[in-house]
$ cat work_17.cif   # mmCIF, C-alpha atoms and all ligand atoms
data_my_file
loop_
_atom_site.group_PDB
_atom_site.id
_atom_site.type_symbol
_atom_site.label_atom_id
_atom_site.label_comp_id
_atom_site.auth_asym_id
_atom_site.auth_seq_id
_atom_site.Cartn_x
_atom_site.Cartn_y
_atom_site.Cartn_z
ATOM 1 C CA MET A 1 34.089 3.824 58.074
ATOM 2 C CA LYS A 2 32.140 0.907 56.559
ATOM 3 C CA LYS A 3 28.863 2.745 57.055
ATOM 4 C CA LEU A 4 30.276 5.862 55.447
ATOM 5 C CA ASN A 5 31.283 3.868 52.344
ATOM 6 C CA GLU A 6 27.763 2.507 52.047
ATOM 7 C CA TRP A 7 26.253 5.943 52.182
ATOM 8 C CA ILE A 8 28.733 7.145 49.569
ATOM 9 C CA VAL A 9 27.709 4.283 47.228
ATOM 10 C CA GLY A 10 24.005 5.024 47.797
ATOM 11 C CA LEU A 11 24.509 8.720 47.184
ATOM 12 C CA ALA A 12 26.579 8.076 44.057
ATOM 13 C CA ALA A 13 23.796 5.874 42.650
ATOM 14 C CA LEU A 14 21.271 8.627 43.358
ATOM 15 C CA VAL A 15 23.435 11.274 41.716
ATOM 16 C CA VAL A 16 23.881 9.068 38.607
ATOM 17 C CA ILE A 17 20.098 8.603 38.257
ATOM 18 C CA MET A 18 19.461 12.328 38.664
ATOM 19 C CA MET A 19 22.208 13.189 36.175
ATOM 20 C CA ILE A 20 20.754 10.813 33.563
ATOM 21 C CA THR A 21 17.297 12.359 34.001
ATOM 22 C CA TRP A 22 18.659 15.878 33.920
ATOM 23 C CA GLY A 23 20.809 14.974 30.895
ATOM 24 C CA ILE A 24 17.768 13.840 28.914
ATOM 25 C CA PHE A 25 16.222 17.277 29.386
ATOM 26 C CA ALA A 26 19.414 19.321 29.089
ATOM 27 C CA VAL A 27 20.687 17.681 25.908
ATOM 28 C CA GLY A 28 17.330 18.517 24.401
ATOM 29 C CA ASP A 29 16.403 14.933 23.738
ATOM 30 C CA ASN A 30 12.874 15.816 24.694
ATOM 31 C CA MET A 31 9.643 16.276 22.804
ATOM 32 C CA ARG A 32 9.547 19.444 20.733
ATOM 33 C CA PRO A 33 7.121 22.144 21.908
ATOM 34 C CA GLY A 34 5.715 22.574 18.404
ATOM 35 C CA VAL A 35 4.032 25.611 16.877
ATOM 36 C CA THR A 36 0.367 25.252 17.808
ATOM 37 C CA PRO A 37 -1.349 26.021 21.122
ATOM 38 C CA PHE A 38 -2.349 22.396 21.192
ATOM 39 C CA SER A 39 1.168 21.028 20.681
ATOM 40 C CA GLN A 40 2.327 23.258 23.541
ATOM 41 C CA ASP A 41 -0.378 21.789 25.796
ATOM 42 C CA VAL A 42 0.838 18.316 24.895
ATOM 43 C CA TYR A 43 4.435 19.381 25.555
ATOM 44 C CA ALA A 44 3.557 20.883 28.962
ATOM 45 C CA LEU A 45 1.615 17.759 29.876
ATOM 46 C CA HIS A 46 4.541 15.580 28.851
ATOM 47 C CA ASN A 47 6.945 17.627 30.990
ATOM 48 C CA THR A 48 4.618 17.540 33.995
ATOM 49 C CA VAL A 49 4.275 13.759 33.794
ATOM 50 C CA MET A 50 8.025 13.454 33.191
ATOM 51 C CA GLY A 51 8.608 15.466 36.398
ATOM 52 C CA VAL A 52 6.231 13.245 38.373
ATOM 53 C CA VAL A 53 7.829 10.011 37.138
ATOM 54 C CA THR A 54 11.319 11.432 37.783
ATOM 55 C CA VAL A 55 10.475 12.096 41.434
ATOM 56 C CA ILE A 56 8.915 8.624 41.735
ATOM 57 C CA GLY A 57 11.956 7.082 40.028
ATOM 58 C CA VAL A 58 14.419 8.826 42.337
ATOM 59 C CA LEU A 59 12.435 7.789 45.450
ATOM 60 C CA VAL A 60 12.034 4.169 44.335
ATOM 61 C CA PHE A 61 15.660 3.733 43.265
ATOM 62 C CA THR A 62 16.930 5.410 46.432
ATOM 63 C CA ALA A 63 14.824 3.039 48.557
ATOM 64 C CA MET A 64 15.999 0.074 46.469
ATOM 65 C CA PHE A 65 19.717 0.865 46.549
ATOM 66 C CA THR A 66 19.795 1.795 50.238
ATOM 67 C CA SER A 67 17.904 -1.437 51.061
ATOM 68 C CA ILE A 68 20.311 -3.516 48.980
ATOM 69 C CA ILE A 69 23.334 -1.899 50.613
ATOM 70 C CA LEU A 70 22.180 -1.501 54.221
ATOM 71 C CA HIS A 71 20.327 -4.823 54.540
ATOM 72 C CA ARG A 72 22.696 -7.139 52.721
ATOM 73 C CA ARG A 73 23.417 -10.631 54.068
ATOM 74 C CA SER A 74 26.969 -9.939 55.276
ATOM 75 C CA ARG A 75 25.562 -7.216 57.478
ATOM 76 C CA HIS A 76 22.367 -8.930 58.593
ATOM 77 C CA PRO A 77 22.908 -12.713 58.353
ATOM 78 C CA ASN A 78 19.488 -13.472 59.924
ATOM 79 C CA ALA A 79 16.513 -12.601 57.737
ATOM 80 C CA ALA A 80 13.605 -10.660 59.237
ATOM 81 C CA LYS A 81 10.546 -12.825 59.922
ATOM 82 C CA PHE A 82 7.673 -10.401 59.315
ATOM 83 C CA SER A 83 5.306 -11.268 56.461
ATOM 84 C CA HIS A 84 3.177 -8.208 55.653
ATOM 85 C CA SER A 85 1.881 -4.893 56.869
ATOM 86 C CA THR A 86 -1.682 -3.831 56.084
ATOM 87 C CA LYS A 87 -0.811 -0.222 56.843
ATOM 88 C CA ALA A 88 2.057 -0.222 54.308
ATOM 89 C CA GLU A 89 -0.114 -1.908 51.696
ATOM 90 C CA ILE A 90 -2.848 0.711 52.053
ATOM 91 C CA ILE A 91 -0.268 3.483 51.712
ATOM 92 C CA TRP A 92 1.417 2.009 48.619
ATOM 93 C CA THR A 93 -1.975 1.521 46.981
ATOM 94 C CA ALA A 94 -3.509 4.872 47.892
ATOM 95 C CA ILE A 95 -0.544 7.053 46.878
ATOM 96 C CA PRO A 96 -0.240 5.709 43.282
ATOM 97 C CA VAL A 97 -4.031 5.952 42.819
ATOM 98 C CA LEU A 98 -3.877 9.575 43.968
ATOM 99 C CA ILE A 99 -0.974 10.313 41.599
ATOM 100 C CA LEU A 100 -2.860 8.727 38.674
ATOM 101 C CA VAL A 101 -5.948 10.820 39.408
ATOM 102 C CA VAL A 102 -3.840 14.005 39.579
ATOM 103 C CA ILE A 103 -2.247 13.168 36.198
ATOM 104 C CA ALA A 104 -5.583 12.141 34.650
ATOM 105 C CA VAL A 105 -7.202 15.559 35.128
ATOM 106 C CA PRO A 106 -4.945 17.618 32.782
ATOM 107 C CA ALA A 107 -4.542 14.628 30.432
ATOM 108 C CA THR A 108 -8.312 14.344 29.966
ATOM 109 C CA ARG A 109 -8.594 18.081 29.370
ATOM 110 C CA VAL A 110 -6.000 17.884 26.560
ATOM 111 C CA LEU A 111 -7.654 14.782 25.074
ATOM 112 C CA ILE A 112 -11.066 16.471 24.974
ATOM 113 C CA ASP A 113 -9.480 19.553 23.395
ATOM 114 C CA MET A 114 -7.860 17.310 20.772
ATOM 115 C CA GLU A 115 -11.282 16.164 19.570
ATOM 116 C CA ASP A 116 -12.845 19.627 19.427
ATOM 117 C CA THR A 117 -12.842 20.398 15.714
ATOM 118 C CA GLY A 118 -15.699 22.920 16.030
ATOM 119 C CA ASP A 119 -15.459 26.520 14.711
ATOM 120 C CA ALA A 120 -12.947 25.567 12.036
ATOM 121 C CA GLU A 121 -12.260 28.330 9.525
ATOM 122 C CA MET A 122 -11.188 25.959 6.771
ATOM 123 C CA ASN A 123 -11.240 22.258 5.968
ATOM 124 C CA ILE A 124 -8.560 20.202 4.280
ATOM 125 C CA LYS A 125 -9.062 16.604 3.258
ATOM 126 C CA ILE A 126 -5.926 14.488 3.276
ATOM 127 C CA THR A 127 -5.899 11.171 1.454
ATOM 128 C CA GLY A 128 -3.047 8.690 1.789
ATOM 129 C CA TYR A 129 -1.972 6.627 -1.188
ATOM 130 C CA GLN A 130 0.867 4.195 -1.769
ATOM 131 C CA TRP A 131 3.086 6.289 -1.673
ATOM 132 C CA LEU A 132 2.050 9.900 -1.736
ATOM 133 C CA TRP A 133 -0.532 12.263 -0.261
ATOM 134 C CA LYS A 134 -3.431 14.082 -1.823
ATOM 135 C CA TYR A 135 -4.612 17.407 -0.405
ATOM 136 C CA ASP A 136 -8.112 18.778 -1.080
ATOM 137 C CA TYR A 137 -8.891 22.295 0.112
ATOM 138 C CA LEU A 138 -12.641 21.968 0.507
ATOM 139 C CA GLU A 139 -13.504 25.710 0.562
ATOM 140 C CA ASP A 140 -10.956 26.957 -1.954
ATOM 141 C CA ASP A 141 -11.518 24.111 -4.388
ATOM 142 C CA ILE A 142 -7.833 23.313 -4.723
ATOM 143 C CA SER A 143 -6.610 19.765 -5.072
ATOM 144 C CA PHE A 144 -3.174 18.294 -5.709
ATOM 145 C CA TYR A 145 -0.857 15.382 -5.005
ATOM 146 C CA SER A 146 2.231 15.710 -2.852
ATOM 147 C CA ALA A 147 5.010 13.197 -3.501
ATOM 148 C CA LEU A 148 8.704 12.814 -2.726
ATOM 149 C CA ASP A 149 10.733 15.470 -4.553
ATOM 150 C CA ARG A 150 12.476 14.490 -7.761
ATOM 151 C CA ASP A 151 16.088 14.763 -6.511
ATOM 152 C CA SER A 152 15.499 12.603 -3.432
ATOM 153 C CA ASN A 153 13.709 10.069 -5.577
ATOM 154 C CA ARG A 154 16.628 9.988 -8.018
ATOM 155 C CA ALA A 155 19.264 9.730 -5.277
ATOM 156 C CA ARG A 156 17.492 6.852 -3.530
ATOM 157 C CA GLN A 157 17.661 4.557 -6.577
ATOM 158 C CA ILE A 158 20.347 1.854 -6.567
ATOM 159 C CA GLY A 159 23.250 2.893 -8.777
ATOM 160 C CA SER A 160 22.023 6.489 -8.991
ATOM 161 C CA ASP A 161 24.470 9.111 -10.281
ATOM 162 C CA LEU A 162 23.168 11.489 -7.568
ATOM 163 C CA ALA A 163 24.471 10.912 -4.019
ATOM 164 C CA PRO A 164 22.029 11.349 -1.102
ATOM 165 C CA GLN A 165 24.432 13.734 0.640
ATOM 166 C CA ASP A 166 24.248 16.048 -2.379
ATOM 167 C CA VAL A 167 20.485 16.448 -2.020
ATOM 168 C CA ASP A 168 19.155 19.144 0.325
ATOM 169 C CA ASN A 169 16.618 17.712 2.798
ATOM 170 C CA TYR A 170 17.124 14.235 1.397
ATOM 171 C CA LEU A 171 13.872 12.224 1.666
ATOM 172 C CA LEU A 172 12.240 15.144 3.511
ATOM 173 C CA ASP A 173 11.105 17.317 0.601
ATOM 174 C CA VAL A 174 8.043 17.034 -1.590
ATOM 175 C CA ASN A 175 7.115 18.426 -4.991
ATOM 176 C CA ASN A 176 3.966 20.207 -3.718
ATOM 177 C CA PRO A 177 3.878 21.148 -0.022
ATOM 178 C CA LEU A 178 0.657 21.663 1.899
ATOM 179 C CA VAL A 179 0.333 25.458 2.083
ATOM 180 C CA VAL A 180 -1.747 26.782 4.981
ATOM 181 C CA PRO A 181 -2.345 30.174 6.608
ATOM 182 C CA VAL A 182 -1.128 30.901 10.144
ATOM 183 C CA ASP A 183 -3.512 31.755 13.019
ATOM 184 C CA THR A 184 -6.391 29.926 11.365
ATOM 185 C CA LYS A 185 -8.275 26.996 12.832
ATOM 186 C CA ILE A 186 -7.966 24.263 10.248
ATOM 187 C CA ARG A 187 -9.980 21.085 10.417
ATOM 188 C CA VAL A 188 -8.216 18.161 8.835
ATOM 189 C CA LEU A 189 -10.132 15.160 7.507
ATOM 190 C CA LEU A 190 -8.020 12.079 6.969
ATOM 191 C CA THR A 191 -8.653 9.015 4.901
ATOM 192 C CA ALA A 192 -6.778 6.649 2.590
ATOM 193 C CA ASP A 193 -7.418 4.996 -0.717
ATOM 194 C CA ASP A 194 -5.515 1.729 -0.418
ATOM 195 C CA VAL A 195 -3.953 0.745 2.906
ATOM 196 C CA ILE A 196 -3.645 2.430 6.299
ATOM 197 C CA HIS A 197 -1.275 5.409 6.407
ATOM 198 C CA SER A 198 -0.698 7.904 9.168
ATOM 199 C CA TRP A 199 -0.212 11.629 8.755
ATOM 200 C CA TRP A 200 2.326 12.934 11.226
ATOM 201 C CA VAL A 201 3.972 16.335 11.547
ATOM 202 C CA PRO A 202 5.603 16.477 15.017
ATOM 203 C CA ASP A 203 5.393 20.289 15.246
ATOM 204 C CA LEU A 204 1.594 20.129 15.113
ATOM 205 C CA GLY A 205 1.453 17.913 18.191
ATOM 206 C CA TRP A 206 -0.651 15.078 16.796
ATOM 207 C CA LYS A 207 -0.586 12.106 14.481
ATOM 208 C CA ARG A 208 -3.696 10.607 12.893
ATOM 209 C CA ASP A 209 -4.246 7.398 10.975
ATOM 210 C CA ALA A 210 -5.556 7.666 7.437
ATOM 211 C CA ILE A 211 -7.756 4.599 7.039
ATOM 212 C CA PRO A 212 -9.529 3.464 3.853
ATOM 213 C CA GLY A 213 -13.307 3.771 4.186
ATOM 214 C CA MET A 214 -13.063 5.939 7.287
ATOM 215 C CA VAL A 215 -12.688 9.647 7.905
ATOM 216 C CA ASN A 216 -10.636 10.712 10.905
ATOM 217 C CA GLU A 217 -10.692 14.266 12.159
ATOM 218 C CA ALA A 218 -8.041 16.506 13.643
ATOM 219 C CA TRP A 219 -7.413 20.229 13.883
ATOM 220 C CA THR A 220 -4.619 22.721 14.119
ATOM 221 C CA ILE A 221 -3.841 26.417 14.470
ATOM 222 C CA ILE A 222 -0.272 27.109 13.395
ATOM 223 C CA GLU A 223 1.080 30.203 15.156
ATOM 224 C CA GLN A 224 4.439 30.632 13.427
ATOM 225 C CA GLU A 225 5.208 30.917 9.759
ATOM 226 C CA GLY A 226 7.645 28.296 8.596
ATOM 227 C CA THR A 227 8.241 24.919 7.026
ATOM 228 C CA TYR A 228 7.236 21.902 9.076
ATOM 229 C CA ARG A 229 8.195 18.417 8.052
ATOM 230 C CA GLY A 230 6.716 15.039 8.801
ATOM 231 C CA GLN A 231 6.425 11.463 7.624
ATOM 232 C CA CYS A 232 3.928 8.728 7.016
ATOM 233 C CA ALA A 233 3.910 6.997 10.409
ATOM 234 C CA GLU A 234 2.150 3.746 9.570
ATOM 235 C CA LEU A 235 4.054 1.037 7.712
ATOM 236 C CA CYS A 236 2.184 1.031 4.410
ATOM 237 C CA GLY A 237 4.292 -0.907 1.945
ATOM 238 C CA LYS A 238 7.694 -0.901 0.306
ATOM 239 C CA ASP A 239 7.920 2.861 -0.210
ATOM 240 C CA HIS A 240 6.556 3.800 3.208
ATOM 241 C CA GLY A 241 9.792 5.665 3.949
ATOM 242 C CA PHE A 242 9.465 7.723 0.772
ATOM 243 C CA MET A 243 6.242 9.666 1.312
ATOM 244 C CA PRO A 244 7.272 12.655 3.436
ATOM 245 C CA ILE A 245 5.018 15.549 4.434
ATOM 246 C CA VAL A 246 5.873 19.231 4.143
ATOM 247 C CA VAL A 247 3.620 21.906 5.606
ATOM 248 C CA GLU A 248 4.329 25.486 4.544
ATOM 249 C CA ALA A 249 2.684 27.905 7.013
ATOM 250 C CA VAL A 250 2.408 31.378 5.500
ATOM 251 C CA SER A 251 0.739 34.669 6.428
ATOM 252 C CA LYS A 252 -2.942 35.048 5.595
ATOM 253 C CA GLU A 253 -2.088 37.514 2.798
ATOM 254 C CA ASP A 254 0.442 35.148 1.235
ATOM 255 C CA TYR A 255 -2.061 32.339 1.520
ATOM 256 C CA ALA A 256 -4.738 34.343 -0.305
ATOM 257 C CA GLU A 257 -2.166 35.055 -3.026
ATOM 258 C CA TRP A 258 -1.233 31.369 -3.259
ATOM 259 C CA VAL A 259 -4.912 30.394 -3.526
ATOM 260 C CA ALA A 260 -5.407 32.903 -6.338
ATOM 261 C CA THR A 261 -2.380 31.509 -8.215
ATOM 262 C CA GLN A 262 -3.559 27.936 -7.781
ATOM 263 C CA GLN A 263 -7.078 28.737 -8.907
ATOM 264 C CA GLY A 264 -5.696 30.714 -11.854
ATOM 265 C CA GLN A 265 -3.651 27.699 -12.896
ATOM 266 C CA THR A 266 -6.682 25.428 -12.705
ATOM 267 C CA THR A 267 -8.792 27.849 -14.758
ATOM 268 C CA ALA A 268 -5.996 28.208 -17.309
ATOM 269 C CA SER A 269 -5.559 24.463 -17.714
ATOM 270 C CA MET A 270 -9.324 23.994 -17.997
ATOM 271 C CA GLY A 271 -9.490 26.791 -20.569
ATOM 272 C CA SER A 272 -6.776 25.226 -22.705
ATOM 273 C CA ALA A 273 -8.424 21.834 -22.476
ATOM 274 C CA ALA A 274 -11.731 23.238 -23.712
ATOM 275 C CA PRO A 275 -12.446 22.939 -27.449
HETATM 276 CU CU CU A 301 1.999 5.524 4.102
#

$ encode --input "work_17.cif" --output "structure tokens"
Amino acid sequence: MKKLNEWIVGLAALVVIMMITWGIFAVGDNMRPGVTPFSQDVYALHNTVMGVVTVIGVLVFTAMFTSIILHRRSRHPNAAKFSHSTKAEIIWTAIPVLILVVIAVPATRVLIDMEDTGDAEMNIKITGYQWLWKYDYLEDDISFYSALDRDSNRARQIGSDLAPQDVDNYLLDVNNPLVVPVDTKIRVLLTADDVIHSWWVPDLGWKRDAIPGMVNEAWTIIEQEGTYRGQCAELCGKDHGFMPIVVEAVSKEDYAEWVATQQGQTTASMGSAAP
């Protein structure tokens, strides 16, 4: 009867651990798969590693709980006298090394892929400022600043007449989103003009620091049209929380149209400025 109780406790502990792990996945509190082939690679890699660590966790905790319960002092008042086992030590060194090597292979492949900015169809330079972003489309000769939208900025002020809950996408919208075409390899060059910022849109599967005096590279191919939101991810001063990122991924036709409108606007403003 006593032994049965112990097994029930051990089993219950195991079930709790497995339920917690399963719950994390089932509730959806997991990484998002994103909308680029690259973000999906990162997602798959994350899930694989999560699976490996779950199995390890279950095995380790099972061994720990059963040892605590089955070898407790009331049951075995005299401690065992053995000191070590070379065989066991070799096994518990070799198995983790093997697991690390198995994980390292796909991880390295994804890391190398992350750096491969070759064959890009267009280049966008992103510059971080306190506290907004500047986007330069190097081929299309378009350049603009992207800052927190006016309503969010009004609602965030102390004593504002506009309540945050009355603003759609509070603190997540910008005045000028970054418009990009889908299914196009885009190379992104990142830098900053004052302090270190970090450009992060979770759906793209990467985050890169924007550092003054340095140019960091990244790339993306967005496969689905849509609006993708992000944040500055490097504490950069008092308004760090107020420089969101919005990426508008549109079809290639819509992008061409947008470029034409933007360039038309620039020409018009230059024309009016001319004597
Ligand atoms: Cu910043």

$ resolve_selection --input "work_17.cif" --expression "the PyMOL selection byres (((chain A and resi 126) around 7) and not hetatm)" --output "PyMOL selection string"
chain A and resi 124-125+127-128+133-136+189-191

$ resolve_selection --input "work_17.cif" --expression "the PyMOL selection byres (((not hetatm)) within 7 of (chain A and resi 301))" --output "PyMOL selection string"
chain A and resi 128-131+196-198+232-236+240+243

$ atom_distance --input "work_17.cif" --atom1 "CA of Tyr43 in chain A" --atom2 "CA of Leu178 in chain A"
24.1 Å

$ closest_residue --input "work_17.cif" --among "A:Thr86, A:Thr184, A:Thr261, A:Gln165" --to "Ile142 in chain A" --atoms "all atoms listed in the file"
A:Thr261

$ atom_distance --input "work_17.cif" --atom1 "CA of Val188 in chain A" --atom2 "CA of Val250 in chain A"
17.3 Å

$ closest_residue --input "work_17.cif" --among "A:Val15, A:Met122, A:Phe242, A:Phe61" --to "Arg154 in chain A" --atoms "only C-alpha atoms"
A:Phe242

$ atom_distance --input "work_17.cif" --atom1 "CA of Trp199 in chain A" --atom2 "CA of Gly226 in chain A"
18.4 Å

$ residues_around --input "work_17.cif" --residues "Asn123 in chain A" --least-positions-apart "3" --cutoff "6 Å" --atoms "all atoms listed in the file" --output "compact mmCIF listing (two decimals) with C-alpha atoms, in the coordinates of the input"
# COMPACT_ATOMS: atom_id res chain seq x y z
CA LEU A 138 -12.64 21.97 0.51
CA ILE A 186 -7.97 24.26 10.25
CA ARG A 187 -9.98 21.08 10.42
CA VAL A 188 -8.22 18.16 8.84

$ resolve_selection --input "work_17.cif" --expression "the PyMOL selection byres (((chain A and resi 262) around 12) and not hetatm)" --output "list in words"
Tyr137, Asp140, Asp141, Ile142, Ser143, Phe144, Asn176, Val179, Tyr255, Ala256, Glu257, Trp258, Val259, Ala260, Thr261, Gln263, Gly264, Gln265, Thr266, Thr267, Ala268 and Ser269 of chain A

$ closest_residue --input "work_17.cif" --among "A:Asp203, A:Gly241, A:Leu98, A:Asp193" --to "Val215 in chain A" --atoms "all atoms listed in the file"
A:Asp193

$ residues_near_point --input "work_17.cif" --point "(-3.5, 23.2, 31.2)" --cutoff "12 Å" --atoms "all atoms listed in the file" --output "compact mmCIF listing (two decimals) with C-alpha atoms, in the coordinates of the input"
# COMPACT_ATOMS: atom_id res chain seq x y z
CA PRO A 37 -1.35 26.02 21.12
CA PHE A 38 -2.35 22.40 21.19
CA SER A 39 1.17 21.03 20.68
CA GLN A 40 2.33 23.26 23.54
CA ASP A 41 -0.38 21.79 25.80
CA VAL A 42 0.84 18.32 24.90
CA TYR A 43 4.43 19.38 25.56
CA ALA A 44 3.56 20.88 28.96
CA LEU A 45 1.62 17.76 29.88
CA HIS A 46 4.54 15.58 28.85
CA ASN A 47 6.94 17.63 30.99
CA THR A 48 4.62 17.54 33.99
CA ILE A 103 -2.25 13.17 36.20
CA ALA A 104 -5.58 12.14 34.65
CA VAL A 105 -7.20 15.56 35.13
CA PRO A 106 -4.94 17.62 32.78
CA ALA A 107 -4.54 14.63 30.43
CA THR A 108 -8.31 14.34 29.97
CA ARG A 109 -8.59 18.08 29.37
CA VAL A 110 -6.00 17.88 26.56
CA LEU A 111 -7.65 14.78 25.07
CA ILE A 112 -11.07 16.47 24.97
CA ASP A 113 -9.48 19.55 23.40

$ residues_near_point --input "work_17.cif" --point "(11.1, 17.0, -9.2)" --cutoff "6 Å" --atoms "all atoms listed in the file" --output "list in words"
Asp149, Arg150 and Asn175 of chain A

$ residues_around --input "work_17.cif" --residues "Leu172 in chain A" --least-positions-apart "4" --cutoff "9 Å" --atoms "all atoms listed in the file" --output "list of chain:residue names"
A:Leu148, A:Asp149, A:Ser152, A:Asp168, A:Arg229, A:Gly230, A:Gln231, A:Phe242, A:Met243, A:Pro244, A:Ile245, A:Val246

$ decode --input "work_17.cif" --residues "range 44-69 of chain A" --atoms "N, CA and C atoms" --output "JSON list (two decimals), in the first residue's frame"
[["chain", "number", "residue", "atom", "x", "y", "z"],
["A", 44, "ALA", "N", 10.49, 26.61, -36.38],
["A", 44, "ALA", "CA", 10.66, 25.15, -36.39],
["A", 44, "ALA", "C", 11.82, 24.75, -35.49],
["A", 45, "LEU", "N", 12.89, 25.54, -35.57],
["A", 45, "LEU", "CA", 14.07, 25.25, -34.76],
["A", 45, "LEU", "C", 13.73, 25.38, -33.27],
["A", 46, "HIS", "N", 12.98, 26.43, -32.96],
["A", 46, "HIS", "CA", 12.57, 26.65, -31.58],
["A", 46, "HIS", "C", 11.73, 25.47, -31.07],
["A", 47, "ASN", "N", 10.79, 25.00, -31.91],
["A", 47, "ASN", "CA", 9.94, 23.89, -31.49],
["A", 47, "ASN", "C", 10.73, 22.60, -31.32],
["A", 48, "THR", "N", 11.70, 22.37, -32.22],
["A", 48, "THR", "CA", 12.52, 21.17, -32.12],
["A", 48, "THR", "C", 13.28, 21.18, -30.79],
["A", 49, "VAL", "N", 13.93, 22.33, -30.50],
["A", 49, "VAL", "CA", 14.73, 22.42, -29.28],
["A", 49, "VAL", "C", 13.82, 22.31, -28.06],
["A", 50, "MET", "N", 12.62, 22.92, -28.18],
["A", 50, "MET", "CA", 11.65, 22.85, -27.08],
["A", 50, "MET", "C", 11.27, 21.39, -26.81],
["A", 51, "GLY", "N", 11.09, 20.61, -27.90],
["A", 51, "GLY", "CA", 10.77, 19.19, -27.76],
["A", 51, "GLY", "C", 11.89, 18.44, -27.05],
["A", 52, "VAL", "N", 13.13, 18.73, -27.48],
["A", 52, "VAL", "CA", 14.29, 18.04, -26.89],
["A", 52, "VAL", "C", 14.38, 18.36, -25.39],
["A", 53, "VAL", "N", 14.25, 19.65, -25.05],
["A", 53, "VAL", "CA", 14.40, 20.01, -23.63],
["A", 53, "VAL", "C", 13.21, 19.49, -22.80],
["A", 54, "THR", "N", 12.04, 19.34, -23.45],
["A", 54, "THR", "CA", 10.89, 18.79, -22.72],
["A", 54, "THR", "C", 11.16, 17.34, -22.33],
["A", 55, "VAL", "N", 11.67, 16.57, -23.30],
["A", 55, "VAL", "CA", 11.98, 15.16, -23.02],
["A", 55, "VAL", "C", 13.03, 15.08, -21.90],
["A", 56, "ILE", "N", 14.08, 15.92, -22.03],
["A", 56, "ILE", "CA", 15.14, 15.91, -21.01],
["A", 56, "ILE", "C", 14.53, 16.29, -19.65],
["A", 57, "GLY", "N", 13.69, 17.33, -19.65],
["A", 57, "GLY", "CA", 13.07, 17.79, -18.41],
["A", 57, "GLY", "C", 12.24, 16.69, -17.75],
["A", 58, "VAL", "N", 11.44, 16.01, -18.56],
["A", 58, "VAL", "CA", 10.58, 14.94, -18.01],
["A", 58, "VAL", "C", 11.46, 13.83, -17.41],
["A", 59, "LEU", "N", 12.51, 13.43, -18.14],
["A", 59, "LEU", "CA", 13.39, 12.36, -17.66],
["A", 59, "LEU", "C", 14.09, 12.77, -16.36],
["A", 60, "VAL", "N", 14.63, 13.99, -16.34],
["A", 60, "VAL", "CA", 15.38, 14.45, -15.17],
["A", 60, "VAL", "C", 14.46, 14.57, -13.94],
["A", 61, "PHE", "N", 13.28, 15.19, -14.15],
["A", 61, "PHE", "CA", 12.38, 15.37, -13.02],
["A", 61, "PHE", "C", 11.82, 14.03, -12.53],
["A", 62, "THR", "N", 11.58, 13.11, -13.47],
["A", 62, "THR", "CA", 11.09, 11.79, -13.05],
["A", 62, "THR", "C", 12.15, 11.12, -12.18],
["A", 63, "ALA", "N", 13.41, 11.15, -12.65],
["A", 63, "ALA", "CA", 14.50, 10.53, -11.88],
["A", 63, "ALA", "C", 14.62, 11.20, -10.51],
["A", 64, "MET", "N", 14.49, 12.54, -10.50],
["A", 64, "MET", "CA", 14.64, 13.27, -9.24],
["A", 64, "MET", "C", 13.53, 12.93, -8.26],
["A", 65, "PHE", "N", 12.28, 13.00, -8.72],
["A", 65, "PHE", "CA", 11.16, 12.75, -7.81],
["A", 65, "PHE", "C", 11.12, 11.30, -7.32],
["A", 66, "THR", "N", 11.38, 10.35, -8.24],
["A", 66, "THR", "CA", 11.35, 8.95, -7.80],
["A", 66, "THR", "C", 12.49, 8.70, -6.80],
["A", 67, "SER", "N", 13.66, 9.34, -7.01],
["A", 67, "SER", "CA", 14.77, 9.16, -6.07],
["A", 67, "SER", "C", 14.40, 9.74, -4.70],
["A", 68, "ILE", "N", 13.80, 10.93, -4.72],
["A", 68, "ILE", "CA", 13.43, 11.58, -3.46],
["A", 68, "ILE", "C", 12.43, 10.69, -2.70],
["A", 69, "ILE", "N", 11.47, 10.15, -3.45],
["A", 69, "ILE", "CA", 10.41, 9.38, -2.77],
["A", 69, "ILE", "C", 10.88, 7.99, -2.38]]
